[in-house]
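Asker: File follows, target-v5.txt with compact mmCIF, C-alpha atoms and all ligand atoms:
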# COMPACT_ATOMS: atom_id res chain seq x y z
CA MET U 26 13.14 51.76 46.39
CA THR U 27 14.80 49.67 49.07
CA THR U 28 18.57 49.58 49.50
CA MET U 29 20.42 47.37 47.03
CA LYS U 30 22.99 45.32 48.90
CA LEU U 31 26.07 44.59 46.81
CA LEU U 32 28.98 42.39 47.82
CA ILE U 33 32.08 43.01 45.71
CA LEU U 34 34.63 40.20 45.58
CA PRO U 35 37.49 41.46 43.39
CA GLY U 36 39.56 38.28 43.75
CA ASP U 37 42.84 37.75 41.93
CA GLY U 38 44.88 38.92 38.97
CA ILE U 39 43.09 41.63 37.03
CA GLY U 40 40.00 41.20 39.25
CA PRO U 41 40.78 44.14 41.57
CA GLU U 42 41.65 46.40 38.61
CA VAL U 43 38.44 45.78 36.70
CA MET U 44 36.26 45.92 39.82
CA ALA U 45 37.69 49.36 40.66
CA GLU U 46 36.15 50.55 37.37
CA VAL U 47 32.81 48.94 38.21
CA ARG U 48 32.96 50.88 41.45
CA LYS U 49 33.13 54.13 39.46
CA VAL U 50 29.94 53.20 37.61
CA ILE U 51 28.17 52.26 40.86
CA ASP U 52 29.25 55.57 42.41
CA TRP U 53 27.98 57.47 39.40
CA PHE U 54 24.52 55.92 39.67
CA ALA U 55 24.46 56.62 43.41
CA ALA U 56 25.49 60.25 42.93
CA PHE U 57 23.51 61.20 39.85
CA ARG U 58 20.54 58.84 39.71
CA GLY U 59 19.87 58.55 43.43
CA LEU U 60 20.25 54.77 43.49
CA ASP U 61 20.67 53.51 47.02
CA PHE U 62 23.48 50.95 47.10
CA ALA U 63 25.05 49.46 50.23
CA VAL U 64 28.42 48.18 49.06
CA GLU U 65 30.65 45.76 50.95
CA GLU U 66 33.92 44.29 49.78
CA ASP U 67 35.56 41.01 50.74
CA LEU U 68 38.09 38.40 49.63
CA VAL U 69 37.76 35.41 47.32
CA GLY U 70 40.14 33.03 45.56
CA GLY U 71 43.88 33.27 46.12
CA ALA U 72 43.44 36.61 47.90
CA ALA U 73 41.24 34.86 50.48
CA TYR U 74 43.61 31.90 50.69
CA ASP U 75 46.51 34.22 51.53
CA VAL U 76 44.62 35.59 54.54
CA HIS U 77 42.36 32.73 55.67
CA GLY U 78 43.94 29.58 54.21
CA VAL U 79 40.74 28.90 52.25
CA PRO U 80 39.52 30.44 48.96
CA LEU U 81 36.22 31.50 50.54
CA SER U 82 35.74 31.89 54.28
CA ASP U 83 32.48 30.98 56.01
CA ALA U 84 32.10 34.63 56.99
CA THR U 85 32.33 35.72 53.35
CA MET U 86 29.88 32.99 52.35
CA ALA U 87 27.44 34.34 54.93
CA ARG U 88 27.83 37.87 53.55
CA ALA U 89 27.13 36.51 50.07
CA GLN U 90 23.96 34.84 51.36
CA ALA U 91 22.85 38.17 52.82
CA ALA U 92 23.61 40.25 49.72
CA ASP U 93 21.17 41.04 46.92
CA ALA U 94 23.91 40.59 44.36
CA VAL U 95 27.52 39.46 44.43
CA LEU U 96 29.88 41.15 41.95
CA LEU U 97 32.94 39.02 41.38
CA GLY U 98 36.17 39.86 39.55
CA ALA U 99 38.26 36.74 38.92
CA CYS U 100 39.84 33.81 40.76
CA GLY U 101 43.19 32.11 40.33
CA GLY U 102 46.79 32.64 39.33
CA PRO U 103 50.13 30.86 38.94
CA ALA U 104 51.08 31.46 42.59
CA TYR U 105 48.33 29.01 43.55
CA ASP U 106 48.95 26.32 40.92
CA ASP U 107 50.51 23.86 43.35
CA LEU U 108 47.88 24.17 46.09
CA ASP U 109 45.81 21.18 47.05
CA PHE U 110 42.73 20.88 44.82
CA SER U 111 40.38 21.53 47.76
CA VAL U 112 41.77 25.00 48.40
CA LYS U 113 42.48 26.13 44.85
CA PRO U 114 41.17 29.66 44.16
CA GLU U 115 38.50 28.33 41.75
CA ARG U 116 36.95 26.33 44.60
CA GLY U 117 35.86 29.63 46.14
CA LEU U 118 33.86 30.49 43.05
CA LEU U 119 32.41 27.00 42.79
CA ARG U 120 31.35 27.13 46.46
CA LEU U 121 29.50 30.39 45.83
CA ARG U 122 27.73 28.96 42.80
CA LYS U 123 26.76 25.77 44.63
CA GLU U 124 25.72 27.17 47.99
CA LEU U 125 23.76 30.06 46.49
CA ASP U 126 22.27 27.44 44.11
CA LEU U 127 22.89 29.66 41.07
CA TYR U 128 21.69 27.18 38.51
CA ALA U 129 21.14 29.46 35.50
CA ASN U 130 24.24 31.11 34.09
CA LEU U 131 23.42 33.70 31.43
CA ARG U 132 26.25 34.51 29.04
CA PRO U 133 25.23 36.96 26.34
CA ALA U 134 27.49 37.21 23.32
CA ARG U 135 26.81 40.45 21.57
CA CYS U 136 29.06 41.90 18.90
CA PHE U 137 29.21 45.68 19.20
CA ASP U 138 29.32 47.13 15.71
CA ALA U 139 32.52 49.03 16.42
CA LEU U 140 34.25 45.74 17.26
CA ALA U 141 33.11 43.62 14.32
CA ASP U 142 36.60 43.90 12.84
CA ALA U 143 38.29 42.88 16.10
CA SER U 144 36.82 39.38 15.88
CA SER U 145 38.93 36.59 14.43
CA LEU U 146 35.96 35.84 12.16
CA LYS U 147 34.87 37.86 9.14
CA ARG U 148 32.83 40.98 9.82
CA GLU U 149 29.75 39.68 7.98
CA VAL U 150 29.70 36.53 10.15
CA VAL U 151 29.63 38.43 13.45
CA ALA U 152 28.23 41.93 12.79
CA GLY U 153 24.93 42.27 14.60
CA LEU U 154 25.43 39.06 16.57
CA ASP U 155 23.29 38.87 19.72
CA LEU U 156 22.93 35.47 21.31
CA MET U 157 22.52 34.21 24.84
CA ILE U 158 24.01 31.05 26.25
CA VAL U 159 22.17 29.68 29.27
CA ARG U 160 24.57 27.33 31.00
CA GLU U 161 23.48 25.02 33.84
CA LEU U 162 25.85 25.93 36.66
CA THR U 163 25.34 23.80 39.76
CA SER U 164 25.38 20.22 38.58
CA GLY U 165 26.73 17.93 35.85
CA MET U 166 30.39 17.15 35.49
CA TYR U 167 31.51 19.91 37.86
CA PHE U 168 29.74 18.50 40.91
CA GLY U 169 28.68 14.90 40.16
CA GLU U 170 29.63 12.07 42.53
CA PRO U 171 31.59 9.85 42.58
CA ARG U 172 34.65 11.91 41.80
CA GLY U 173 38.32 11.74 42.64
CA ILE U 174 41.60 10.09 41.85
CA THR U 175 42.04 6.53 43.08
CA GLU U 176 44.60 3.80 42.64
CA LEU U 177 43.96 0.24 41.51
CA ASN U 178 45.72 -2.74 43.10
CA ASP U 179 48.29 -2.82 40.30
CA GLY U 180 49.15 0.82 40.91
CA THR U 181 47.23 2.16 37.89
CA ARG U 182 45.71 5.53 38.75
CA VAL U 183 42.12 6.33 37.81
CA GLY U 184 40.56 9.78 37.59
CA VAL U 185 36.78 9.88 37.87
CA ASN U 186 34.17 12.59 37.37
CA THR U 187 30.48 11.99 37.00
CA HIS U 188 28.14 13.68 34.59
CA ARG U 189 24.83 13.51 36.41
CA TYR U 190 21.55 15.39 35.95
CA THR U 191 18.12 15.04 37.51
CA THR U 192 14.74 15.90 36.00
CA HIS U 193 14.41 18.85 38.37
CA GLU U 194 17.84 20.26 37.49
CA ILE U 195 17.19 20.09 33.77
CA ARG U 196 13.66 21.46 33.92
CA ARG U 197 14.50 24.53 35.99
CA VAL U 198 17.32 25.70 33.72
CA ALA U 199 15.19 24.93 30.65
CA ARG U 200 12.50 27.22 32.09
CA SER U 201 15.07 30.00 32.48
CA ALA U 202 16.01 29.60 28.82
CA PHE U 203 12.40 29.61 27.58
CA GLU U 204 11.56 32.65 29.72
CA LEU U 205 14.50 34.57 28.27
CA ALA U 206 13.69 33.54 24.73
CA GLY U 207 10.20 34.97 25.21
CA LYS U 208 11.79 38.39 25.73
CA ARG U 209 14.09 37.96 22.72
CA SER U 210 13.51 36.22 19.36
CA ASN U 211 11.60 33.33 20.91
CA ARG U 212 13.96 30.56 19.83
CA VAL U 213 15.83 28.06 22.00
CA CYS U 214 18.45 25.60 20.79
CA SER U 215 19.31 22.90 23.34
CA MET U 216 22.75 21.28 23.10
CA GLU U 217 23.89 17.90 24.50
CA LYS U 218 25.38 14.64 23.27
CA ALA U 219 22.29 12.44 23.24
CA ASN U 220 24.03 10.28 20.64
CA VAL U 221 26.58 9.00 23.17
CA MET U 222 25.39 9.94 26.69
CA GLU U 223 22.35 8.74 28.63
CA ALA U 224 22.39 12.00 30.55
CA GLY U 225 22.17 13.68 27.14
CA ILE U 226 19.08 11.65 26.26
CA LEU U 227 17.47 12.69 29.55
CA TRP U 228 18.47 16.31 28.90
CA ARG U 229 16.77 16.27 25.50
CA GLU U 230 13.62 14.57 26.83
CA GLU U 231 13.21 16.92 29.78
CA VAL U 232 13.85 20.10 27.78
CA THR U 233 11.26 18.86 25.29
CA TRP U 234 8.83 18.13 28.15
CA VAL U 235 9.13 21.67 29.51
CA HIS U 236 8.68 23.04 26.02
CA ASP U 237 5.61 20.97 25.14
CA ASN U 238 3.90 21.48 28.49
CA GLU U 239 4.83 25.03 29.41
CA TYR U 240 6.29 26.95 26.49
CA PRO U 241 4.79 25.50 23.29
CA ASP U 242 4.97 28.89 21.57
CA VAL U 243 8.77 29.09 21.77
CA GLU U 244 10.58 27.51 18.84
CA LEU U 245 12.76 24.66 20.17
CA SER U 246 15.53 22.84 18.33
CA HIS U 247 18.18 20.35 19.48
CA MET U 248 21.77 20.03 18.43
CA TYR U 249 24.67 17.80 19.41
CA ALA U 250 27.15 19.97 21.28
CA ASP U 251 30.05 19.24 18.93
CA ASN U 252 27.98 20.38 15.98
CA GLY U 253 26.94 23.36 18.10
CA ALA U 254 30.58 24.38 18.52
CA MET U 255 31.06 24.14 14.78
CA GLN U 256 27.87 26.11 14.03
CA LEU U 257 28.93 28.82 16.50
CA VAL U 258 31.98 29.64 14.40
CA ARG U 259 30.34 28.89 11.03
CA ALA U 260 27.11 30.86 11.33
CA PRO U 261 26.57 32.17 14.88
CA LYS U 262 23.68 34.44 13.95
CA GLN U 263 21.40 31.40 13.51
CA PHE U 264 21.12 31.25 17.34
CA ASP U 265 18.99 33.21 19.77
CA VAL U 266 19.10 31.35 23.12
CA ILE U 267 21.27 28.27 23.59
CA VAL U 268 20.65 26.09 26.67
CA THR U 269 23.22 23.53 27.67
CA ASP U 270 24.85 21.74 30.60
CA ASN U 271 27.65 22.91 32.85
CA LEU U 272 30.67 21.52 31.01
CA PHE U 273 29.46 22.06 27.44
CA GLY U 274 28.36 25.54 28.49
CA ASP U 275 31.82 26.33 29.81
CA ILE U 276 33.39 25.43 26.49
CA LEU U 277 30.74 26.83 24.16
CA SER U 278 30.68 30.17 25.99
CA ASP U 279 34.43 30.70 25.58
CA CYS U 280 33.94 29.93 21.92
CA ALA U 281 31.05 32.42 21.67
CA ALA U 282 33.11 35.01 23.50
CA MET U 283 35.67 35.27 20.75
CA LEU U 284 32.94 36.04 18.25
CA THR U 285 32.49 39.36 19.98
CA GLY U 286 36.06 40.50 19.45
CA SER U 287 37.61 39.79 22.83
CA LEU U 288 37.05 37.70 25.92
CA GLY U 289 37.31 41.07 27.67
CA MET U 290 33.82 41.97 26.47
CA LEU U 291 31.71 39.14 27.86
CA PRO U 292 29.61 39.60 31.00
CA SER U 293 27.63 36.96 32.84
CA ALA U 294 24.85 36.60 35.36
CA SER U 295 24.35 33.53 37.53
CA LEU U 296 20.84 33.37 38.90
CA GLY U 297 19.06 31.18 41.43
CA ALA U 298 15.66 31.06 43.08
CA PRO U 299 13.98 34.23 44.40
CA MET U 300 14.85 35.33 47.94
CA ALA U 301 12.32 36.53 50.52
CA ASN U 302 12.50 40.07 49.06
CA GLY U 303 11.61 38.74 45.59
CA ARG U 304 15.05 39.37 44.13
CA PRO U 305 16.79 36.30 42.71
CA ARG U 306 19.95 34.97 44.30
CA ALA U 307 22.57 36.36 41.97
CA LEU U 308 26.24 36.61 41.18
CA TYR U 309 27.65 38.66 38.32
CA GLU U 310 31.10 38.14 36.87
CA PRO U 311 33.04 38.65 33.67
CA VAL U 312 33.59 35.47 31.65
CA HIS U 313 37.31 36.20 31.38
CA GLY U 314 39.63 34.90 34.07
CA SER U 315 42.31 36.50 36.22
CA ALA U 316 44.72 37.03 33.27
CA PRO U 317 47.88 36.92 35.44
CA ASP U 318 50.07 37.82 32.45
CA ILE U 319 48.63 41.34 32.30
CA ALA U 320 47.68 41.82 35.97
CA GLY U 321 48.91 45.02 37.59
CA LYS U 322 49.79 46.65 34.28
CA ALA U 323 46.63 48.71 33.76
CA LEU U 324 46.05 46.80 30.52
CA ALA U 325 42.90 44.90 31.49
CA ASN U 326 39.61 45.58 29.78
CA PRO U 327 36.97 46.47 32.42
CA ILE U 328 34.05 46.29 29.96
CA ALA U 329 33.04 42.68 30.75
CA SER U 330 32.79 43.58 34.44
CA ILE U 331 30.93 46.81 33.77
CA LEU U 332 28.49 44.98 31.49
CA SER U 333 28.08 42.39 34.27
CA PHE U 334 27.00 45.23 36.54
CA ALA U 335 24.50 46.25 33.85
CA MET U 336 23.12 42.71 34.05
CA ALA U 337 22.81 43.16 37.83
CA LEU U 338 20.76 46.31 37.29
CA ARG U 339 18.50 44.37 34.90
CA TYR U 340 18.12 40.97 36.56
CA SER U 341 18.47 41.75 40.27
CA PHE U 342 16.91 45.19 40.47
CA ASP U 343 14.59 45.48 37.47
CA LEU U 344 16.36 48.68 36.39
CA GLU U 345 16.09 48.07 32.66
CA ALA U 346 16.57 51.72 31.64
CA GLU U 347 19.71 52.02 33.75
CA ALA U 348 21.06 48.73 32.38
CA GLU U 349 20.55 50.01 28.85
CA MET U 350 22.27 53.26 29.80
CA VAL U 351 25.39 51.35 30.80
CA GLU U 352 25.31 49.24 27.65
CA GLY U 353 24.76 52.36 25.59
CA ALA U 354 27.67 54.13 27.27
CA VAL U 355 29.95 51.20 26.39
CA GLU U 356 28.72 51.36 22.81
CA ASP U 357 29.39 55.13 22.69
CA VAL U 358 32.93 54.73 23.98
CA LEU U 359 33.72 52.01 21.47
CA ALA U 360 32.24 54.10 18.68
CA GLN U 361 34.61 56.92 19.70
CA GLY U 362 37.50 54.58 18.95
CA ILE U 363 38.51 54.21 22.61
CA ARG U 364 40.01 50.75 23.13
CA THR U 365 41.89 48.75 25.71
CA ALA U 366 44.85 46.85 24.28
CA ASP U 367 43.03 43.49 23.96
CA LEU U 368 40.64 45.01 21.41
CA GLY U 369 43.39 46.05 19.01
CA PRO U 370 43.78 49.59 17.67
CA ALA U 371 40.86 51.46 16.15
CA GLU U 372 41.46 53.63 13.11
CA GLY U 373 41.78 57.19 14.32
CA GLY U 374 41.10 56.02 17.87
CA ARG U 375 43.28 55.57 20.91
CA THR U 376 44.35 52.73 23.15
CA VAL U 377 43.81 53.47 26.82
CA SER U 378 44.47 52.03 30.28
CA THR U 379 41.95 50.16 32.42
CA GLY U 380 41.30 53.29 34.47
CA ALA U 381 40.89 55.55 31.45
CA MET U 382 38.38 53.11 29.95
CA GLY U 383 36.35 53.26 33.17
CA ASP U 384 36.52 57.06 33.17
CA ALA U 385 35.43 57.19 29.52
CA ILE U 386 32.41 54.98 30.26
CA VAL U 387 31.42 57.16 33.21
CA ALA U 388 31.79 60.26 31.01
CA ALA U 389 29.59 58.62 28.38
CA LEU U 390 26.97 57.87 31.09
CA ALA U 391 27.00 61.51 32.10
CA ALA U 392 26.67 62.59 28.47
CA ARG U 393 23.68 60.29 27.96
CA ASP U 394 22.12 61.66 31.12
CA SER U 395 22.34 65.34 30.15
C1 LIG U 401 34.03 29.99 33.86
C2 LIG U 401 35.38 29.55 34.34
C3 LIG U 401 35.19 28.69 35.57
C4 LIG U 401 34.45 27.45 35.14
C5 LIG U 401 36.47 28.33 36.32
C6 LIG U 401 37.27 29.55 36.72
C7 LIG U 401 36.19 27.47 37.54
O1 LIG U 401 36.07 28.92 33.32
O2 LIG U 401 33.30 30.63 34.63
O3 LIG U 401 33.69 29.72 32.70
O4 LIG U 401 35.04 26.48 34.66
O5 LIG U 401 33.21 27.44 35.28
MG MG U 402 35.07 28.96 31.45
Using the file provided, produce a representation of the structure as structure tokens.

Answerer:
Amino acid sequence: MTTMKLLILPGDGIGPEVMAEVRKVIDWFAAFRGLDFAVEEDLVGGAAYDVHGVPLSDATMARAQAADAVLLGACGGPAYDDLDFSVKPERGLLRLRKELDLYANLRPARCFDALADASSLKREVVAGLDLMIVRELTSGMYFGEPRGITELNDGTRVGVNTHRYTTHEIRRVARSAFELAGKRSNRVCSMEKANVMEAGILWREEVTWVHDNEYPDVELSHMYADNGAMQLVRAPKQFDVIVTDNLFGDILSDCAAMLTGSLGMLPSASLGAPMANGRPRALYEPVHGSAPDIAGKALANPIASILSFAMALRYSFDLEAEAEMVEGAVEDVLAQGIRTADLGPAEGGRTVSTGAMGDAIVAALAARDS
């Protein structure tokens, strides 16, 4: 196997703490499974701003272009709240997504059995939950032009963002969703607001076109996104794959995250077109943010980041068995009652630090390996 080039961008807040635990898992696979990783580390977000005056330097962008997979921690924090919009920490992340053209953002929401009681919903609603949100990530409201804040002659200020999608942008993310569904329960639910938005009508038509012409065997349904949000908390197990636009996907995925017990559990993969070596352009990051309130206190849950690395093994490197090993190790640790604080106490279990959670997962990997 050729070397797997990883670029780690820990970023801000709890980012460096959780990425240190990912590093332990990477090192374990290198030492005990002979996987050949070349790991580089660099700055993103506020950490990059502090050094370079921008949230992502051109040099870091070039390293990201050259990597097989970028592993990102988190961006942002209160110290950067008053910065100009163009250099806010989040702009670093958005630049990576846009310039790597990572159009398909996979956000699996899976409720580990041991955590079914940690969800704010009843156990029977979430136990066994396993759904996948495919969020379009490079277009729509986040990037559409025109955008900005302008002033009218009478001094009234106007804020503008544009929700814009092309045929090509909708079709390619729809294909990602149908492909994934084929490996799961073969059902896709597409969410938009075709009742009030022209771009929603186009979304529905193009998803239907891809379905009818390319994936007729996948079961396709459509739902207005507001109803989708309601259904996600009412009966989330009705869904297999959900495909939706950038902004609705942002909101619906936070909603889905809480079904799993904690935002600290949710990984994500952002995938683009294949590179020359056949591997897709890819960035992996936890769905949670920089959590400045708990940063530096060893309280953060590293599981979302570690599960994001498992997604890297699966989607960038085709290492399905290794990905399942990581997911299994997480399951084992949770079943032993080991919890970070965000997950609440387990009966007869113990609450541990970020570092101890990483160690426990590595120990569980070793136990599965022997
Ligand atoms: C996410 C985050 C980002 C987004 C922020 C940090 C820019 O909320 O990945 O869901 O809005 O996409
Ligand atoms: Mg979000």

Asker: Name all residues at most 12 Å from Val112 of chain U (count only C-alpha atoms; drop same-chain ones fewer than 5 positions away) and give them as a VMD selection string.

Answerer: chain U and resid 69 to 75 77 to 82 100 to 101 105 to 107 117 to 120

Asker: Hey, can you spit out that residue selection with C-alpha atoms as a tab-separated table (two decimals), keeping the file's coordinate frame?

Answerer:
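Written output follows (part-v1.tsv):
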chain	number	residue	atom	x	y	z
U	69	VAL	CA	37.76	35.41	47.32
U	70	GLY	CA	40.14	33.03	45.56
U	71	GLY	CA	43.88	33.27	46.12
U	72	ALA	CA	43.44	36.61	47.90
U	73	ALA	CA	41.24	34.86	50.48
U	74	TYR	CA	43.61	31.90	50.69
U	75	ASP	CA	46.51	34.22	51.53
U	77	HIS	CA	42.36	32.73	55.67
U	78	GLY	CA	43.94	29.58	54.21
U	79	VAL	CA	40.74	28.90	52.25
U	80	PRO	CA	39.52	30.44	48.96
U	81	LEU	CA	36.22	31.50	50.54
U	82	SER	CA	35.74	31.89	54.28
U	100	CYS	CA	39.84	33.81	40.76
U	101	GLY	CA	43.19	32.11	40.33
U	105	TYR	CA	48.33	29.01	43.55
U	106	ASP	CA	48.95	26.32	40.92
U	107	ASP	CA	50.51	23.86	43.35
U	117	GLY	CA	35.86	29.63	46.14
U	118	LEU	CA	33.86	30.49	43.05
U	119	LEU	CA	32.41	27.00	42.79
U	120	ARG	CA	31.35	27.13	46.46

Asker: Which is closer to Glu231 of chain U than all the others in U:Glu161, U:Glu194, U:Glu310, U:Glu352, using all atoms listed in the file?

Answerer: U:Glu194

Asker: Would you work out the distance separating atom CA of Asn252 of chain U from atom CA of Arg172 of chain U, expressed in Å to one decimal?

Answerer: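 Straight-line distance from atom CA of Asn252 of chain U to atom CA of Arg172 of chain U works out to 28.0 Å.
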
Asker: Around ligand MG 402 (chain U), at most 12 Å away and counting all atoms listed in the file, which residues are there? Put them as a PyMOL selection string, please.

Answerer: chain U and resi 99-100+115+118-119+130+132+160+162+167+271-282+288+291-293+310-315

Asker: Go through U:Arg212, U:Lys218, U:Arg304, U:Lys147 one by one, measure the shortest atom-to-atom distance of each to Ile267 of chain U using all atoms listed in the file, and give the residue with the smallest value.

Answerer: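 Closest residue, counting all atoms listed in the file: U:Arg212.
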
Asker: Excluding segment 341-343 of chain U and residues on its chain fewer than 5 positions from it, collect all residues at most 9 Å away from it, counting only C-alpha atoms, and give them as a compact mmCIF listing (two decimals) with C-alpha atoms, in the coordinates of the input.

Answerer:
# COMPACT_ATOMS: atom_id res chain seq x y z
CA MET U 29 20.42 47.37 47.03
CA ASP U 93 21.17 41.04 46.92
CA ALA U 94 23.91 40.59 44.36
CA LEU U 296 20.84 33.37 38.90
CA ARG U 304 15.05 39.37 44.13
CA PRO U 305 16.79 36.30 42.71
CA ARG U 306 19.95 34.97 44.30
CA ALA U 307 22.57 36.36 41.97
CA MET U 336 23.12 42.71 34.05
CA ALA U 348 21.06 48.73 32.38

Asker: Rank U:Gly207, U:Pro41, U:Pro317, U:Gly153 by their smallest atom-to-atom distance to Pro103 of chain U, using only C-alpha atoms, and report the top residue only.

Answerer: U:Pro317

Asker: Around segment 387-390 of chain U, with edges along x, y and z and 6 Å added on all six sides, what centre and edge lengths do you get, in Å to one decimal, as lines of an AutoDock Vina configuration file?

Answerer:
center_x = 29.4
center_y = 58.7
center_z = 30.8
size_x = 16.8
size_y = 15.1
size_z = 16.8

Asker: Here is a test: counting all atoms listed in the file, which residue of U:Leu97, U:Ala89, U:Val64, U:Val266 is nearest to ligand LIG 401 (chain U)?

Answerer: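 Smallest separation from ligand LIG 401 (chain U) among the options: U:Leu97.
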
Asker: For ligand LIG 401 (chain U), which residue out of U:Thr28, U:Thr191, U:Ser378, U:Ser295 is the nearest one, using all atoms listed in the file?

Answerer: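 Selected residue with least distance to ligand LIG 401 (chain U): U:Ser295.
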
Asker: To one decimal in Å, tell me the separation between atom CA of Pro370 of chain U and atom CA of Val351 of chain U.

Answerer: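 Atom-to-atom, atom CA of Pro370 of chain U and atom CA of Val351 of chain U are spaced 22.7 Å apart.
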
Asker: Set the distance at 7 Å and use all atoms listed in the file: which residues neighbour Asn211 of chain U once local chain neighbours fewer than 4 positions away are removed? I'd like the list as a list in words.

Answerer: Ala206, Gly207, Val243 and Glu244 of chain U

Asker: Using C-alpha atoms, can you export the residues from the last selection as a PDB file, in the coordinates of the input?

Answerer:
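Done, and the output landed in selection.pdb:
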ATOM      1  CA  ALA U 206      13.690  33.540  24.730  1.00  0.00           C
ATOM      2  CA  GLY U 207      10.200  34.970  25.210  1.00  0.00           C
ATOM      3  CA  VAL U 243       8.770  29.090  21.770  1.00  0.00           C
ATOM      4  CA  GLU U 244      10.580  27.510  18.840  1.00  0.00           C
TER       5      GLU U 244
END

Asker: To one decimal place in Å, what is the distance between atom CA of Ala143 of chain U and atom CA of Met216 of chain U?

Answerer: 27.5 Å

Asker: With distances taken over only C-alpha atoms and all ligand atoms, which residue among U:Val213, U:Ile195, U:Val150, U:Leu308 lies nearest ligand LIG 401 (chain U)?

Answerer: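 Of all the options, U:Leu308 lies closest to ligand LIG 401 (chain U).
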
Asker: Within 10 Å of (24.9, 53.5, 27.1) (file coordinates; only C-alpha atoms), which protein or nucleic acid residues are there? I'd like them as a count of residues only.

Answerer: 22

Asker: So which residues touch Ser144 of chain U within 12 Å, counting all atoms listed in the file, skipping near sequence neighbours fewer than 6 positions away, as number ranges by chain?

Answerer: U: 135-138, 150-152, 154, 258, 280-290, 367-369

Asker: Excluding Thr233 of chain U and any residue of its chain fewer than 6 positions from it, enumerate the residues within 10 Å of it, using only C-alpha atoms, and give them as a VMD selection string.

Answerer: chain U and resid 196 199 215 227 239 to 241 245 to 247
